[in-house]
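A.B. asks: Would you mind keeping the following structure in view while I ask a few things?
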Amino acid sequence: MLSDSLLLLSDSEPEGLVALGSQILLWLRVAIGIGVVIFVHELGHFVAAKMFGVKCEKFYVGFDPPLKFGPIRLPSSLIKFRYGETEYGIGVVPLGGYVKMLGQDDDPRRMQEAAALAKQVESEDEEGSELDDAQPTEEQIANAPLDPRSLPAKPVWQRMIIMSAGVFMNIVTAAMFAALAFMNGVDYTPAIIGGTSPGSPAWQSGIEIGGQVVAVDGLEDNQMHFREMQSAILHTGLEDPDRRIPLSLRYGDDVKDFNLATEPISGKIKRRVIGVKPIDVPKISKYVPPLAGTAFAAAATKEDMGSVILSYNGNALDQEDIKGAVPLLDYLFTHPDEPIQLVLKSDDEGATEKTISLQPQASKWLGIRLSVGPVTALVKDGPAEAAGLKVDDAIQALNGTPVSDGEQLIADLAKREPITLSVKRGDQTVQIEITPNDRPQVEAPTYGNGDAAAINAYGFAFSLPAVVQAFDEAAVDSGDALLPGDQIIQLVPAGDNEYGKLMDDEITERMVKLLAEGWKIDELHSAFSFFESIQFLPEGTRFEVMAKRDTADQKDVIVKTVLKLTQDDRNRFDRGLYLEPLTRTQYSTSLANATVLGMRETKRRASDVGRFLRMLVFGKVSADQVGGPIKIFDFAGSAAERGFSEQLLFLTMLSVNLAILNFLPIPVLDGGHMVFLTCEAVMGRRVDEQMEMRLTMVGGLMLLSLFIFVMFNDIIGLFAN
């Protein structure tokens with residue numbers, strides 16, 4: 001059957017076998033990589049034990065429990081063989097490994113048996129003659145001397161070395177993995193600021209494009225990776241959301257220092273950011289497939305992915321300048337009604353050129369126009385602040401024309417001409433004249449968290465609250481029409497919607513699943529973000545909308561309606577074009593430099609694990625951020641797909657994790673053994689065996705509970721994705 005299936009696959013899809021073979025090789029690489037990390041840990045124990053003359057009965061990668069289901073007995077190992085006095089093998093349960101030493105067993109059910117095997121004891125019958133099959137008495141076992149090759153017979157200091165050798169080996173090999181990665185070359189996105197989200201802490205501080213982050217919250221590095229910067233900010237935000245983060249940026253020969261607050265990511269209140277993105281280059285991303293229904297998807301082909309963009313509308317882009325994509329992005333996000341001609345150069349051997357046209361991206365809507373909210377943020381020393389605009393000012397008019405529609409205000413500001421705003425400040429109406437500067441718009445005016453919107457050149461952001469400003473009754477499928485002033489509180493897709501082939505698109509499928517849970521408007525889920533999320537769903541998709549309305553007789557009256565998604569007469573800023581971030585490769589300059597980089601990487605990953613464990617203890621980490629074997633394998637696969645160096649860096653992280661987690665003071669783990677041995681060294685005698693056995697039982701149950709929890713998390717994560 002298998003051969004028939006493969007033959008059919010080969011006949012119908014010529015590339016099928018190649019893809020399958022590549023996937024199998026990828027899984028094999030992942031399995032070997034994780035297996036090496038486990039092997040090295042157990043090798044440390046094994047070598048140390050052999051060095052001190054301890055008899056090692058088994059050396060296994062993976063576990064080999066007896067698998068018996070009634071009369072059926074399954075093999076407990078994939079492969080095993082005996083060499084000398086030790087049995088070597090690969091167990092069928094790929095969740096770790098172990099070295100079985102004489103007189104030692106981490107299973108509390110067999111600890112007494114292991115202790116008995118460590119004794120040199122002989123049984124005699126009533127006449128005193130020795131019997132080979134006689135069972136020794138408990139008294140004989142207790143009084144018998146220890147086998148000199150058993151683990152308990154060794155001095156405390158030797159047992160400490162044996163128990164800590166696995167952790168030591170993992171730390172050493174972690175540094176070796178990282179050093180080898182840097183010798184091979186590590187591709188990374190440098191921590192160069194490519195843009196800031198409207199209203200974000202970084203946006204308010206006036207951070208300019210092109211700054212190289214050289215220090216963040218005490219972490220200093222002239223070749224800072226964007227991922228390292230993000231990790232430092234994330235950890236600090238989790239530990240203390242109210243603490244400001246020091247950030248140093250280098251512009252040429254100058255270094256500018258900032259002290260930034262953090263804000264939560266939309267939908268994930270415990271994950272915090274400062275609102276920066278990496279620098280983009282004028283090259284179409286080959287990793288983000290065109291999103292169905294976008295202007296880019298209509299204009300480009302599969303062969304265009306990865307192409308360099310030479311020019312837009314006849315304007316050449318500087319391929320050597322790190323800001324080379326800025327003019328294109330600035331035009332894209334300020335001219336939604338204009339077509340954009342892109343000249344592309346393919347990245348294949350022929351390097352052919354072609355021109356594609358990005359047409360305006362028609363918007364879809366539910367017949368709802370949102371109101372204009374108050375000013376929420378100002379750029380420090382920006383045009384708006386210099387002109388006297390203040391946070392909480394309520395925008396009433398633009399150039400003398402009353403303003404109430406938030407989207408229309410964005411479109412008018414996108415022209416970037418001098419303006420006069422009429423704002424209400426308390427009981428006063430104030431006129432503010434603002435002349436825009438040349439700060440580019442490298443992201444959509446509404447990109448970011450919450451409901452903030454901004455055209456960067458003016459230096460102020462305002463909110464788009466979930467309040468209806470105008471409503472088209474033609475959108476109503478059933479229920480009541482909405483009225484100006486109604487406050488939207490929840491939106492849910494109707495259960496009978498048909499999405500057709502759009503569900504074949506992974507991004508759309510995830511969005512549909514997310515929306516199906518219901519979009520409840522709150523601090524982290526804005527109405528405008530919802531409207532952005534449904535842009536690529538088919539026309540006619542129905543949504544159940546719930547709103548609050550104040551009447552003359554009653555407040556907070558609940559209004560329910562079902563609305564249909566239809567095409568709007570307005571265009572979007574985003575057209576589905578995704579550029580690649582700037583990528584560099586970091587090489588070690590020598591073996592000594594590789595060693596230094598390897599040790600630095602190991603130290604950083606150890607610090608990450610330590611901070612995570614500390615946050616876990618104090619409840620700073622949510623349960624969904626803890627993963628198990630499935631998530632580890634998934635991350636390992638993603639790293640392996642990105643290349644050999646990325647896989648080595650993942651193994652560095654995994655090795656450090658294994659080392660630190662194994663050294664936690666929990667009975668059953670190496671750290672638990674070290675606690676018992678430390679007590680023995682201080683007291684001059686071994687810890688009571690019954691007490692040790694009970695504590696080991698508790699530790700085993702703790703680990704079993706943790707394993708069940710992380711496996712449950714992994715399975716839930718699989719279904720969620």
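The way I read the labels, and the way they are meant: chains A, B, ... in the order of the structure tokens, residue 1 as the first residue of every chain, and ligand 1 as the first ligand shown, with later ones counted on from there.
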As a count of residues only, please: all residues of region 15-77 of chain A that backbone DSSP puts in strand (DSSP E or B).

C.D. replies: 15

A.B. asks: For region 435-446 of chain A, list every protein, DNA or RNA residue within 8 Å, evaluated using only C-alpha atoms, and leave out those in the same chain fewer than 6 positions away; present the list as JSON, numbers by chain.

C.D. replies: {"A": [194, 195, 196, 197, 198, 326, 327, 329, 330, 331, 333, 334, 383, 410, 416, 417, 418, 419, 452, 453, 454, 455, 456, 457, 458, 459, 573, 574]}

A.B. asks: Output C-alpha atoms of each residue in that selection to a file, as a tab-separated table (two decimals), in the first residue's frame.

C.D. replies:
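Result saved to out07.tsv:
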chain	number	residue	atom	x	y	z
A	194	GLY	CA	13.25	50.99	10.26
A	195	GLY	CA	10.14	52.69	11.59
A	196	THR	CA	7.96	53.32	14.63
A	197	SER	CA	4.29	52.53	15.17
A	198	PRO	CA	1.88	55.50	15.44
A	326	VAL	CA	12.04	54.31	2.58
A	327	PRO	CA	10.96	56.44	-0.45
A	329	LEU	CA	7.18	52.89	1.54
A	330	ASP	CA	6.60	56.59	2.12
A	331	TYR	CA	4.82	56.90	-1.24
A	333	PHE	CA	1.44	54.76	2.63
A	334	THR	CA	0.52	58.30	1.61
A	383	PRO	CA	5.53	69.95	14.62
A	410	ILE	CA	-6.40	60.26	7.84
A	416	ARG	CA	0.96	66.47	4.08
A	417	GLU	CA	0.16	70.14	3.54
A	418	PRO	CA	0.13	72.91	6.17
A	419	ILE	CA	-3.12	72.66	8.15
A	452	ALA	CA	-4.13	55.10	17.33
A	453	ALA	CA	-3.70	56.64	13.89
A	454	ALA	CA	-1.12	59.13	12.67
A	455	ILE	CA	0.55	60.71	9.67
A	456	ASN	CA	4.12	60.97	10.95
A	457	ALA	CA	4.92	64.33	9.34
A	458	TYR	CA	2.55	66.15	11.72
A	459	GLY	CA	3.75	64.52	14.93
A	573	PHE	CA	-3.03	52.21	2.33
A	574	ASP	CA	-1.83	48.60	2.53

A.B. asks: Enumerate, as a ChimeraX atom specification, the complete set of residues in region 401-442 of chain A that a backbone-based DSSP assignment places in helix (DSSP H, G or I).

C.D. replies: /A:406-413

A.B. asks: Would you pick out the contacts of region 602-610 of chain A at 8 Å or less, using only C-alpha atoms, so that residues sharing its chain but fewer than 6 positions from it are not included, and give the list as JSON, numbers by chain?

C.D. replies: {"A": [171, 174, 175, 178, 652, 653, 656, 657, 660]}

A.B. asks: Give me, as JSON lines, each residue of region 607-660 of chain A that comes within 10 Å of region 233-236 of chain A, together with its shortest interatomic pair and the distance in Å at one decimal, counting only C-alpha atoms, with rows ordered by chain and rising residue number.

C.D. replies:
{"residue": "A:Asp608", "atom": "CA", "partner": "A:His235", "partner_atom": "CA", "distance": 8.0}
{"residue": "A:Arg611", "atom": "CA", "partner": "A:His235", "partner_atom": "CA", "distance": 7.3}
{"residue": "A:Phe612", "atom": "CA", "partner": "A:His235", "partner_atom": "CA", "distance": 7.7}
{"residue": "A:Met615", "atom": "CA", "partner": "A:His235", "partner_atom": "CA", "distance": 8.7}
{"residue": "A:Lys620", "atom": "CA", "partner": "A:His235", "partner_atom": "CA", "distance": 9.7}
{"residue": "A:Val621", "atom": "CA", "partner": "A:His235", "partner_atom": "CA", "distance": 9.8}

A.B. asks: Just the number, please: distance in Å from CA of Ile162 (chain A) to CA of Val37 (chain A), one decimal.

C.D. replies: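 These two atoms are separated by 17.7 Å.
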